[in-house]
Number of protein chains: 2
Amino acid sequence: MRFLRVKMDELKVVTEEVPEQYRKLAGRGLTSRLILDEVPPTAHPLGPKAKLFIAPGALAGTSAPSSGRVSVGGKSPLTWGIKEANAGTPVAQSLGRLGIKALIVEGEPKDGKYYILKVTKDGTEFLPAGDLVGKGLYEAYGELKKSFPTAGFIACGPSAERKLATAGVCFNDTEGRPSRYAGRGGLGAVMAAKGLKFIVVDGTGTQPVAPANAELFHKGTEKLREAILTHGVTKPGGTLNSYGTAALINALNEAGGLPTRNFSSGRFEGAAKVSGEHLADVIHQRGGEGMTGHGCHPGCLIKCSNIYSKPDGKEHVSCVEYESDWALGPNCGIDDLDAIAEMIWQCNDLGIDTIELGVTIGVAMEAGLLKFGDAKGAVALFDEIRMGTALGHILGQGAAFTGRAFGVVRVPTVKGQGMPAYEPRAVKGIGMTYITSPMGADHTAGYSVAVEILSVGGKADPLAVEGKGALSKAFQETTAYIDTSGYCLFIAFPILDIASGFEGMIESVNAVLGTEFTGADVTKFGAEVLSWEREFNRLAGMTSAHNRPPEFMRYEKLPPHNNVYDVPDEELDKIAGA
Amino acid sequence: MRFLRVKMDELKVVTEEVPEQYRKLAGRGLTSRLILDEVPPTAHPLGPKAKLFIAPGALAGTSAPSSGRVSVGGKSPLTWGIKEANAGTPVAQSLGRLGIKALIVEGEPKDGKYYILKVTKDGTEFLPAGDLVGKGLYEAYGELKKSFPTAGFIACGPSAERKLATAGVCFNDTEGRPSRYAGRGGLGAVMAAKGLKFIVVDGTGTQPVAPANAELFHKGTEKLREAILTHGVTKPGGTLNSYGTAALINALNEAGGLPTRNFSSGRFEGAAKVSGEHLADVIHQRGGEGMTGHGCHPGCLIKCSNIYSKPDGKEHVSCVEYESDWALGPNCGIDDLDAIAEMIWQCNDLGIDTIELGVTIGVAMEAGLLKFGDAKGAVALFDEIRMGTALGHILGQGAAFTGRAFGVVRVPTVKGQGMPAYEPRAVKGIGMTYITSPMGADHTAGYSVAVEILSVGGKADPLAVEGKGALSKAFQETTAYIDTSGYCLFIAFPILDIASGFEGMIESVNAVLGTEFTGADVTKFGAEVLSWEREFNRLAGMTSAHNRPPEFMRYEKLPPHNNVYDVPDEELDKIAGA
């Protein structure tokens, strides 16, 4: 394994041996450590001192199940703090097979132009991005596929070229769609600021990664495989496989925790029309190219993705998952799946994080720019972003920015990042994760919803405060480990309930990294990664005042439970430090 | 003296005896202490928990010379930290004569409408703002004058109604123009968020404030008067009286410290055309209603203001002062005084801070929205703000916001506030003030330029770093005292050079407040005020990372001296704390 240091100012790639201190890191653990070590904390995220890091998880390129995750890290132009976002994609596996521990992108091209970096087993090459600049990613990926038929792609979209903080880093799915995103925090804009438009990753001629300890690896992955294939949430024909993540719509609506119309209610009267169950029905009824149970990378056993089809059965977009469905649906008072699918397609094409944009449109509706429920108006907003109008620049910078532009007080963000699809006032533990995660409001940073709503890994009243600090903390730490492993976070469901699955995860990672972790080491390692991330944020100027809920949630009661966010500041500080 | 607590939610004013701990405070000292005591530091500046404080200086309403200052304070929607901005206006004197120590504005009207608060010696009254809402301030002041011919006005303009962070709080000058601003930091938007559109202050029937110690007051003010009338900068026919503050254009240009084209050079080839000397010539040549040596409030001995006239001699705007002239001129590559005057008029009419908007236009030019030097294009931008277009909302939120909207890296702000007319790389001490002031980049917070450029109060090489930390610190502390006294900051020139003037200032304040300050107590008191301000910022989430220059000034060399901002972080932390 090696580092590829991509020096954009010289258009040169330097291969570096991986220094000792990074060898037992990968994925998020690696990107976060590299950010702390190499990025000046007060640097402008789009300036010449900023860097972008791309690191596949520890298991990427092995035969471990559901392990095709790749982490992207940098200083976020959305939060101005540390950021890791990850995606499931065949590209993760190709990077692993190519022996690339991390791509470190630094500097800016002297000519101010955009470039393609091609990476194969034979080396690297820079090519001009030429007329692919400015193109939507569906068209761009189509053209790239013609030139590089055996490769996968890492890209930033037209939104990133405009330096929008909603711009994600795009990968491709199994069939080459520009649909798998390290979406959050605007890292696409960082990539664009480096003058790097595409990375073409061709793993042709490489072999799967052979773990250092083959026996342990086999033992561990078998245990984990068994757990995934057994658990009700992740097994074939289970919840995720049948309905996708959108199965959560009904569950959260029932719990009164589905944020509706810019977090003004926890229940949406149109929930059934955008639910996972209805989504699956529509896909099956329409027939044609639509499908549920679609996987984002080879070797995934869970297959929670889908392909949503138009009324005539032709493919519309992959995929309509819970967060996108909610953000562009209930959060905007919209109950029209076709409109939601169209907005997801627009996000994918423009290279935009669906969550942040959905939260942004909710804030724009709050500001009175358009009415809640106006699906047509919401779809039309994408033209503003595509054309680069002033309004497009406001929306494209995210929810907090849009709130400030129009003087909106009710803005559901933490550290400048829009809240995902769980209302903190109704699900207190996930609120703690939003508020205390170094990433800003991020449900994947510590998914206590498993316990609070899904009764996986235990059971807790979502409205209760007691015990939730410890729960959020443990989830945040375990997540930092999983995000390092390269496993999909959804293995959390089986390993929370099935002890041998948890053991299997650790054994398989030990087998590859040469670590000797026990179960107790998982949270210890996670805590260390979090400490690096918090240290970067501290040096960047964040304090405990940044670990606070949006003020309006402290005094505004949320229907249907009619309560405020009542977790005391001291409890938040226990998780993240005072 | 008493507090008027203006409860906008009940449309009620409560008269409160001034609590003991506030009795020896006034102006900035009072507003800053009240902010720390009454505003939750993490409150949204435009939300229901925010408050606005208006406090005349200690000497307002007395016969002390050049003492017509009034402080406005609150949590800034521009910096999200503490803010005090002050203005020279007859309204300050009326407030003093009415015995009002401070207006404390809190709550929000339940009906979401705008109100006028009328304050006279007989009491207070709320009136609907009616169709004055949305009107430019020249028209609005004209109409108010018809209804309240003997009153002065405190107002927020149309920009504030749009919740723009460039919106200042407007007062009136001696002849009733909407031209005297507590401009910086967006406090106009805070006023608008409280539903308070105008405060009509009528001092009719009141008497000048009689100082507690009349003899000491007389002695002190006479000494100060003598100093003001003697010093070359402030005396009748002296620099400020003859050319206004714009006399600084040539001085700074000569020193290579006149920020030009968004802080990309310290020298502007068109400086002579916008200089104070040329400005005075134009006014005199055109004749008619134009004048130099205009005063902003009765009793001012310095009279640095002016009335700029159109080519036909009719009044265009009052006043073209250095900061406005520079911000909308050299900083945008514009050398056309008539265009600059028109933009100042637009700012006054819309209720906007000229400095912040000039810096913003410079950033917009950097972003490529229009070309440097495009005076016509710059003037046209005001239509965007007036009409409330999306672009108007971007520009109206200030320089840092505009920079983020368009991904600009070269943004000359500290704590989100645009830098005034002195380039830190060429005048190191004032840079320290910008960087370490709790107010954000603010030249009035510690005007070391006096020593560095004007050789007043000593002499120091502007490019030198040594000794500048102590200089900036002493200036910041003394300024906090002067901003509390109600004296115009320009008395700093005579009192720096003339010891008896300094004594006179202290004696006159002692005579009114009942303090027993000696010379040494001035900086001690100022340090205490600064400590309150820093404490609020700390609780609001600011750290030493917020006491840093814009990153680009650390690596980009500024012509003509071709140096970077090389004051070490440690020196900055010595001033403001680590």
# chains A, B, ... in the order shown; residues from 1 in each chain; ligands from 1
call {"tool": "closest_atom_pairs", "arguments": {"of": "chain B", "to": "chain A", "cutoff": "8 Å", "atoms": "only C-alpha atoms", "output": "JSON lines"}}
result
{"residue": "B:Thr42", "atom": "CA", "partner": "A:Ala545", "partner_atom": "CA", "distance": 6.9}
{"residue": "B:Ala43", "atom": "CA", "partner": "A:Glu551", "partner_atom": "CA", "distance": 6.4}
{"residue": "B:His44", "atom": "CA", "partner": "A:Val409", "partner_atom": "CA", "distance": 6.7}
{"residue": "B:Leu46", "atom": "CA", "partner": "A:Val409", "partner_atom": "CA", "distance": 6.6}
{"residue": "B:Gly47", "atom": "CA", "partner": "A:Val409", "partner_atom": "CA", "distance": 5.8}
{"residue": "B:Arg162", "atom": "CA", "partner": "A:Phe406", "partner_atom": "CA", "distance": 7.0}
{"residue": "B:Lys163", "atom": "CA", "partner": "A:Gly407", "partner_atom": "CA", "distance": 5.1}
{"residue": "B:Leu164", "atom": "CA", "partner": "A:Gly407", "partner_atom": "CA", "distance": 7.2}
{"residue": "B:Ala390", "atom": "CA", "partner": "A:Leu391", "partner_atom": "CA", "distance": 5.1}
{"residue": "B:Leu391", "atom": "CA", "partner": "A:Ala390", "partner_atom": "CA", "distance": 5.1}
{"residue": "B:His393", "atom": "CA", "partner": "A:Ala405", "partner_atom": "CA", "distance": 5.7}
{"residue": "B:Ile394", "atom": "CA", "partner": "A:Ala405", "partner_atom": "CA", "distance": 6.2}
{"residue": "B:Gln397", "atom": "CA", "partner": "A:Ala405", "partner_atom": "CA", "distance": 6.5}
{"residue": "B:Arg404", "atom": "CA", "partner": "A:Gln397", "partner_atom": "CA", "distance": 7.8}
{"residue": "B:Ala405", "atom": "CA", "partner": "A:His393", "partner_atom": "CA", "distance": 5.7}
{"residue": "B:Phe406", "atom": "CA", "partner": "A:Lys163", "partner_atom": "CA", "distance": 6.6}
{"residue": "B:Gly407", "atom": "CA", "partner": "A:Lys163", "partner_atom": "CA", "distance": 5.1}
{"residue": "B:Val409", "atom": "CA", "partner": "A:Gly47", "partner_atom": "CA", "distance": 5.8}
{"residue": "B:Leu539", "atom": "CA", "partner": "A:Ala545", "partner_atom": "CA", "distance": 6.7}
{"residue": "B:Ala540", "atom": "CA", "partner": "A:Ala545", "partner_atom": "CA", "distance": 6.1}
{"residue": "B:Gly541", "atom": "CA", "partner": "A:Ala545", "partner_atom": "CA", "distance": 4.8}
{"residue": "B:Met542", "atom": "CA", "partner": "A:Gly541", "partner_atom": "CA", "distance": 6.5}
{"residue": "B:Thr543", "atom": "CA", "partner": "A:Gly541", "partner_atom": "CA", "distance": 5.4}
{"residue": "B:Ser544", "atom": "CA", "partner": "A:Gly541", "partner_atom": "CA", "distance": 7.0}
{"residue": "B:Ala545", "atom": "CA", "partner": "A:Gly541", "partner_atom": "CA", "distance": 4.8}
{"residue": "B:His546", "atom": "CA", "partner": "A:Gly541", "partner_atom": "CA", "distance": 6.5}
{"residue": "B:Glu551", "atom": "CA", "partner": "A:Ala43", "partner_atom": "CA", "distance": 6.4}
call {"tool": "write_last_selection", "arguments": {"atoms": "N, CA and C atoms", "output": "PDB file, in the first residue's frame"}}
result
ATOM      1  N   THR B  42     -25.446  32.493  22.688  1.00  0.00           N
ATOM      2  CA  THR B  42     -25.689  31.672  21.495  1.00  0.00           C
ATOM      3  C   THR B  42     -27.056  31.979  20.864  1.00  0.00           C
ATOM      4  N   ALA B  43     -27.682  33.059  21.289  1.00  0.00           N
ATOM      5  CA  ALA B  43     -28.967  33.446  20.686  1.00  0.00           C
ATOM      6  C   ALA B  43     -28.792  33.809  19.208  1.00  0.00           C
ATOM      7  N   HIS B  44     -29.822  33.563  18.428  1.00  0.00           N
ATOM      8  CA  HIS B  44     -29.832  34.052  17.048  1.00  0.00           C
ATOM      9  C   HIS B  44     -29.996  35.571  17.109  1.00  0.00           C
ATOM     10  N   LEU B  46     -31.221  37.649  15.242  1.00  0.00           N
ATOM     11  CA  LEU B  46     -32.505  38.157  14.752  1.00  0.00           C
ATOM     12  C   LEU B  46     -33.673  37.414  15.387  1.00  0.00           C
ATOM     13  N   GLY B  47     -33.381  36.613  16.389  1.00  0.00           N
ATOM     14  CA  GLY B  47     -34.415  35.812  17.023  1.00  0.00           C
ATOM     15  C   GLY B  47     -35.040  36.520  18.218  1.00  0.00           C
ATOM     16  N   ARG B 162     -35.192  43.757   5.260  1.00  0.00           N
ATOM     17  CA  ARG B 162     -34.810  42.512   4.582  1.00  0.00           C
ATOM     18  C   ARG B 162     -33.826  41.691   5.412  1.00  0.00           C
ATOM     19  N   LYS B 163     -33.553  42.154   6.625  1.00  0.00           N
ATOM     20  CA  LYS B 163     -32.680  41.452   7.570  1.00  0.00           C
ATOM     21  C   LYS B 163     -31.248  41.325   7.044  1.00  0.00           C
ATOM     22  N   LEU B 164     -30.786  42.375   6.397  1.00  0.00           N
ATOM     23  CA  LEU B 164     -29.426  42.351   5.844  1.00  0.00           C
ATOM     24  C   LEU B 164     -28.414  42.765   6.910  1.00  0.00           C
ATOM     25  N   ALA B 390     -32.234  38.208  -5.352  1.00  0.00           N
ATOM     26  CA  ALA B 390     -31.322  37.254  -4.715  1.00  0.00           C
ATOM     27  C   ALA B 390     -29.919  37.850  -4.638  1.00  0.00           C
ATOM     28  N   LEU B 391     -29.476  38.509  -5.706  1.00  0.00           N
ATOM     29  CA  LEU B 391     -28.151  39.132  -5.667  1.00  0.00           C
ATOM     30  C   LEU B 391     -28.111  40.224  -4.604  1.00  0.00           C
ATOM     31  N   HIS B 393     -29.745  40.201  -1.897  1.00  0.00           N
ATOM     32  CA  HIS B 393     -29.640  39.536  -0.585  1.00  0.00           C
ATOM     33  C   HIS B 393     -28.221  39.045  -0.327  1.00  0.00           C
ATOM     34  N   ILE B 394     -27.519  38.653  -1.365  1.00  0.00           N
ATOM     35  CA  ILE B 394     -26.120  38.247  -1.173  1.00  0.00           C
ATOM     36  C   ILE B 394     -25.280  39.459  -0.779  1.00  0.00           C
ATOM     37  N   GLN B 397     -25.744  41.058   2.626  1.00  0.00           N
ATOM     38  CA  GLN B 397     -25.268  40.347   3.818  1.00  0.00           C
ATOM     39  C   GLN B 397     -23.780  40.566   4.056  1.00  0.00           C
ATOM     40  N   ARG B 404     -18.331  33.894   0.355  1.00  0.00           N
ATOM     41  CA  ARG B 404     -18.728  32.488   0.435  1.00  0.00           C
ATOM     42  C   ARG B 404     -19.691  32.124  -0.679  1.00  0.00           C
ATOM     43  N   ALA B 405     -20.588  33.040  -1.010  1.00  0.00           N
ATOM     44  CA  ALA B 405     -21.559  32.739  -2.071  1.00  0.00           C
ATOM     45  C   ALA B 405     -20.850  32.336  -3.360  1.00  0.00           C
ATOM     46  N   PHE B 406     -19.747  33.026  -3.646  1.00  0.00           N
ATOM     47  CA  PHE B 406     -19.081  32.798  -4.928  1.00  0.00           C
ATOM     48  C   PHE B 406     -17.737  32.090  -4.793  1.00  0.00           C
ATOM     49  N   GLY B 407     -17.441  31.574  -3.620  1.00  0.00           N
ATOM     50  CA  GLY B 407     -16.206  30.814  -3.447  1.00  0.00           C
ATOM     51  C   GLY B 407     -14.943  31.646  -3.580  1.00  0.00           C
ATOM     52  N   VAL B 409     -11.642  33.352  -2.335  1.00  0.00           N
ATOM     53  CA  VAL B 409     -10.688  33.081  -1.253  1.00  0.00           C
ATOM     54  C   VAL B 409     -10.121  34.384  -0.682  1.00  0.00           C
ATOM     55  N   LEU B 539     -18.218  33.167  24.975  1.00  0.00           N
ATOM     56  CA  LEU B 539     -19.420  32.375  25.232  1.00  0.00           C
ATOM     57  C   LEU B 539     -20.220  32.145  23.945  1.00  0.00           C
ATOM     58  N   ALA B 540     -20.074  33.062  22.995  1.00  0.00           N
ATOM     59  CA  ALA B 540     -20.757  32.908  21.705  1.00  0.00           C
ATOM     60  C   ALA B 540     -20.019  31.930  20.793  1.00  0.00           C
ATOM     61  N   GLY B 541     -18.815  31.505  21.207  1.00  0.00           N
ATOM     62  CA  GLY B 541     -18.106  30.487  20.431  1.00  0.00           C
ATOM     63  C   GLY B 541     -16.861  30.962  19.710  1.00  0.00           C
ATOM     64  N   MET B 542     -16.343  32.142  20.103  1.00  0.00           N
ATOM     65  CA  MET B 542     -15.123  32.608  19.433  1.00  0.00           C
ATOM     66  C   MET B 542     -13.890  32.219  20.240  1.00  0.00           C
ATOM     67  N   THR B 543     -12.806  31.986  19.513  1.00  0.00           N
ATOM     68  CA  THR B 543     -11.539  31.616  20.135  1.00  0.00           C
ATOM     69  C   THR B 543     -10.420  32.438  19.506  1.00  0.00           C
ATOM     70  N   SER B 544      -9.195  32.128  19.884  1.00  0.00           N
ATOM     71  CA  SER B 544      -8.065  32.847  19.281  1.00  0.00           C
ATOM     72  C   SER B 544      -8.010  32.624  17.767  1.00  0.00           C
ATOM     73  N   ALA B 545      -8.620  31.546  17.286  1.00  0.00           N
ATOM     74  CA  ALA B 545      -8.661  31.335  15.835  1.00  0.00           C
ATOM     75  C   ALA B 545      -9.451  32.431  15.128  1.00  0.00           C
ATOM     76  N   HIS B 546     -10.292  33.127  15.873  1.00  0.00           N
ATOM     77  CA  HIS B 546     -11.029  34.254  15.295  1.00  0.00           C
ATOM     78  C   HIS B 546     -10.212  35.541  15.362  1.00  0.00           C
ATOM     79  N   GLU B 551      -6.510  34.627   5.701  1.00  0.00           N
ATOM     80  CA  GLU B 551      -5.373  33.769   5.365  1.00  0.00           C
ATOM     81  C   GLU B 551      -4.530  34.307   4.202  1.00  0.00           C
TER      82      GLU B 551
END
call {"tool": "residues_around", "arguments": {"residues": "B:Val169", "least_positions_apart": "6", "cutoff": "8 Å", "atoms": "only C-alpha atoms", "output": "PDB file with C-alpha atoms, in the first residue's frame"}}
result
ATOM      1  CA  VAL B  72     -25.971  51.122  19.757  1.00  0.00           C
ATOM      2  CA  ILE B 154     -33.559  56.732  15.068  1.00  0.00           C
ATOM      3  CA  ALA B 155     -34.341  54.390  12.201  1.00  0.00           C
ATOM      4  CA  CYS B 156     -33.616  51.222  10.351  1.00  0.00           C
ATOM      5  CA  GLY B 157     -33.947  51.329   6.579  1.00  0.00           C
ATOM      6  CA  TYR B 181     -24.986  56.035  11.242  1.00  0.00           C
ATOM      7  CA  ALA B 182     -24.153  53.545  13.916  1.00  0.00           C
ATOM      8  CA  GLY B 183     -23.278  51.685  10.800  1.00  0.00           C
ATOM      9  CA  GLY B 186     -25.908  44.954  11.086  1.00  0.00           C
ATOM     10  CA  LEU B 187     -27.611  46.381  14.176  1.00  0.00           C
ATOM     11  CA  GLY B 188     -30.275  47.875  11.898  1.00  0.00           C
ATOM     12  CA  MET B 191     -33.856  46.711  15.257  1.00  0.00           C
ATOM     13  CA  GLY B 351     -29.877  52.232   5.636  1.00  0.00           C
TER      14      GLY B 351
END
call {"tool": "select_by_dssp", "arguments": {"residues": "stretch 265-374 of chain A", "states": "helix (DSSP H, G or I)", "output": "number ranges by chain"}}
result
A: 271-274, 276-286, 322-328, 330-332, 337-350, 354-366
call {"tool": "select_by_dssp", "arguments": {"residues": "stretch 347-470 of chain A", "states": "strand (DSSP E)", "output": "short mmCIF file (atom, residue, chain, number, x, y, z; two decimals) with N, CA and C atoms, in the first residue's frame"}}
result
data_model
loop_
_atom_site.label_atom_id
_atom_site.label_comp_id
_atom_site.auth_asym_id
_atom_site.auth_seq_id
_atom_site.Cartn_x
_atom_site.Cartn_y
_atom_site.Cartn_z
N THR A 413 -29.78 23.45 11.58
CA THR A 413 -28.40 23.07 11.27
C THR A 413 -27.59 22.99 12.56
N VAL A 414 -26.51 22.23 12.53
CA VAL A 414 -25.50 22.27 13.58
C VAL A 414 -24.14 22.40 12.90
N GLN A 417 -24.25 22.60 9.18
CA GLN A 417 -24.69 21.48 8.33
C GLN A 417 -26.15 21.13 8.64
N GLY A 418 -26.91 20.96 7.58
CA GLY A 418 -28.34 20.68 7.71
C GLY A 418 -28.61 19.35 8.39
#
call {"tool": "residues_around", "arguments": {"residues": "stretch 331-336 of chain A", "least_positions_apart": "5", "cutoff": "8 Å", "atoms": "only C-alpha atoms", "output": "mmCIF file with C-alpha atoms, in the first residue's frame"}}
result
data_model
loop_
_atom_site.group_PDB
_atom_site.id
_atom_site.type_symbol
_atom_site.label_atom_id
_atom_site.label_comp_id
_atom_site.auth_asym_id
_atom_site.auth_seq_id
_atom_site.Cartn_x
_atom_site.Cartn_y
_atom_site.Cartn_z
ATOM 1 C CA PRO A 259 -39.206 16.313 10.341
ATOM 2 C CA THR A 260 -41.917 17.983 8.322
ATOM 3 C CA ARG A 261 -42.043 21.395 6.659
ATOM 4 C CA ASN A 262 -38.676 22.607 7.869
ATOM 5 C CA PHE A 263 -38.815 20.905 11.228
ATOM 6 C CA PHE A 268 -46.436 14.365 7.840
ATOM 7 C CA GLY A 270 -48.480 12.583 3.211
ATOM 8 C CA ALA A 271 -45.996 10.107 4.718
ATOM 9 C CA LYS A 273 -47.292 8.329 -0.240
ATOM 10 C CA VAL A 274 -43.512 8.583 0.088
ATOM 11 C CA TRP A 326 -37.407 12.790 3.218
ATOM 12 C CA GLY A 358 -33.556 19.331 0.802
ATOM 13 C CA VAL A 359 -32.956 21.096 4.105
ATOM 14 C CA ILE A 361 -35.288 24.137 0.129
ATOM 15 C CA GLY A 362 -37.173 23.746 3.404
ATOM 16 C CA MET A 365 -39.875 27.756 1.857
ATOM 17 C CA PHE A 372 -44.419 24.280 1.375
ATOM 18 C CA GLY A 373 -45.671 21.466 -0.820
ATOM 19 C CA ASP A 374 -44.886 23.260 -4.071
ATOM 20 C CA ALA A 375 -43.221 20.336 -5.864
#
call {"tool": "atom_distance", "arguments": {"atom1": "atom CA of A:Arg177", "atom2": "atom CA of A:Tyr141"}}
result
7.3 Å
call {"tool": "residues_around", "arguments": {"residues": "A:Ile100", "least_positions_apart": "2", "cutoff": "8 Å", "atoms": "only C-alpha atoms", "output": "PDB file with N, CA and C atoms, in the first residue's frame"}}
result
ATOM      1  N   MET A   1       0.855  -1.200   0.000  1.00  0.00           N
ATOM      2  CA  MET A   1       0.000   0.000   0.000  1.00  0.00           C
ATOM      3  C   MET A   1       0.892   1.252   0.000  1.00  0.00           C
ATOM      4  N   ARG A   2       0.383   2.291  -0.675  1.00  0.00           N
ATOM      5  CA  ARG A   2       1.182   3.528  -0.761  1.00  0.00           C
ATOM      6  C   ARG A   2       0.259   4.745  -0.826  1.00  0.00           C
ATOM      7  N   PHE A   3       0.857   5.888  -0.550  1.00  0.00           N
ATOM      8  CA  PHE A   3       0.161   7.163  -0.730  1.00  0.00           C
ATOM      9  C   PHE A   3       0.475   7.673  -2.129  1.00  0.00           C
ATOM     10  N   LEU A   4      -0.526   8.196  -2.799  1.00  0.00           N
ATOM     11  CA  LEU A   4      -0.268   8.957  -4.017  1.00  0.00           C
ATOM     12  C   LEU A   4      -0.480  10.428  -3.692  1.00  0.00           C
ATOM     13  N   ALA A  55      -9.439   8.003   0.797  1.00  0.00           N
ATOM     14  CA  ALA A  55      -8.847   6.766   1.342  1.00  0.00           C
ATOM     15  C   ALA A  55      -9.886   5.650   1.408  1.00  0.00           C
ATOM     16  N   PRO A  56      -9.636   4.543   0.707  1.00  0.00           N
ATOM     17  CA  PRO A  56     -10.564   3.417   0.826  1.00  0.00           C
ATOM     18  C   PRO A  56     -10.480   2.833   2.238  1.00  0.00           C
ATOM     19  N   LEU A  95      -9.512   0.976  -5.790  1.00  0.00           N
ATOM     20  CA  LEU A  95      -8.413   1.671  -5.098  1.00  0.00           C
ATOM     21  C   LEU A  95      -7.660   0.692  -4.209  1.00  0.00           C
ATOM     22  N   GLY A  96      -8.423  -0.136  -3.503  1.00  0.00           N
ATOM     23  CA  GLY A  96      -7.783  -1.143  -2.650  1.00  0.00           C
ATOM     24  C   GLY A  96      -6.935  -2.095  -3.464  1.00  0.00           C
ATOM     25  N   ARG A  97      -7.467  -2.581  -4.544  1.00  0.00           N
ATOM     26  CA  ARG A  97      -6.733  -3.539  -5.383  1.00  0.00           C
ATOM     27  C   ARG A  97      -5.506  -2.906  -6.024  1.00  0.00           C
ATOM     28  N   LEU A  98      -5.591  -1.586  -6.252  1.00  0.00           N
ATOM     29  CA  LEU A  98      -4.437  -0.877  -6.825  1.00  0.00           C
ATOM     30  C   LEU A  98      -3.368  -0.579  -5.764  1.00  0.00           C
ATOM     31  N   ALA A 102      -4.082   5.988   0.177  1.00  0.00           N
ATOM     32  CA  ALA A 102      -4.756   7.295   0.121  1.00  0.00           C
ATOM     33  C   ALA A 102      -4.248   8.113  -1.053  1.00  0.00           C
ATOM     34  N   LEU A 103      -5.159   8.881  -1.630  1.00  0.00           N
ATOM     35  CA  LEU A 103      -4.794   9.937  -2.564  1.00  0.00           C
ATOM     36  C   LEU A 103      -4.788  11.236  -1.763  1.00  0.00           C
TER      37      LEU A 103
END
call {"tool": "residues_around", "arguments": {"residues": "B:Thr444", "least_positions_apart": "3", "cutoff": "12 Å", "atoms": "only C-alpha atoms", "output": "ChimeraX atom specification"}}
result
/B:84-87,182-184,323,419-422,430-431,433-434,437,439-441,447-450,472,475-480,482-483,488-490,492
call {"tool": "residues_around", "arguments": {"residues": "A:Lys303", "least_positions_apart": "4", "cutoff": "7 Å", "atoms": "only C-alpha atoms", "output": "list in words"}}
result
Asn241, Gly293, His294 and Gly295 of chain A
call {"tool": "write_last_selection", "arguments": {"atoms": "C-alpha atoms", "output": "short mmCIF file (atom, residue, chain, number, x, y, z; two decimals), in the first residue's frame"}}
result
data_model
loop_
_atom_site.label_atom_id
_atom_site.label_comp_id
_atom_site.auth_asym_id
_atom_site.auth_seq_id
_atom_site.Cartn_x
_atom_site.Cartn_y
_atom_site.Cartn_z
CA ASN A 241 -33.51 -5.38 0.83
CA GLY A 293 -32.77 -4.76 -3.77
CA HIS A 294 -30.08 -3.11 -5.88
CA GLY A 295 -26.47 -3.13 -4.61
#
call {"tool": "residues_around", "arguments": {"residues": "B:Gly290", "least_positions_apart": "4", "cutoff": "9 Å", "atoms": "only C-alpha atoms", "output": "list of chain:residue names"}}
result
B:Ile283, B:His284, B:Arg286, B:Asn306, B:Ile307, B:Tyr308, B:Ser309, B:Lys310, B:Gly313, B:Lys314, B:Glu315, B:His316, B:Val317, B:Ser318
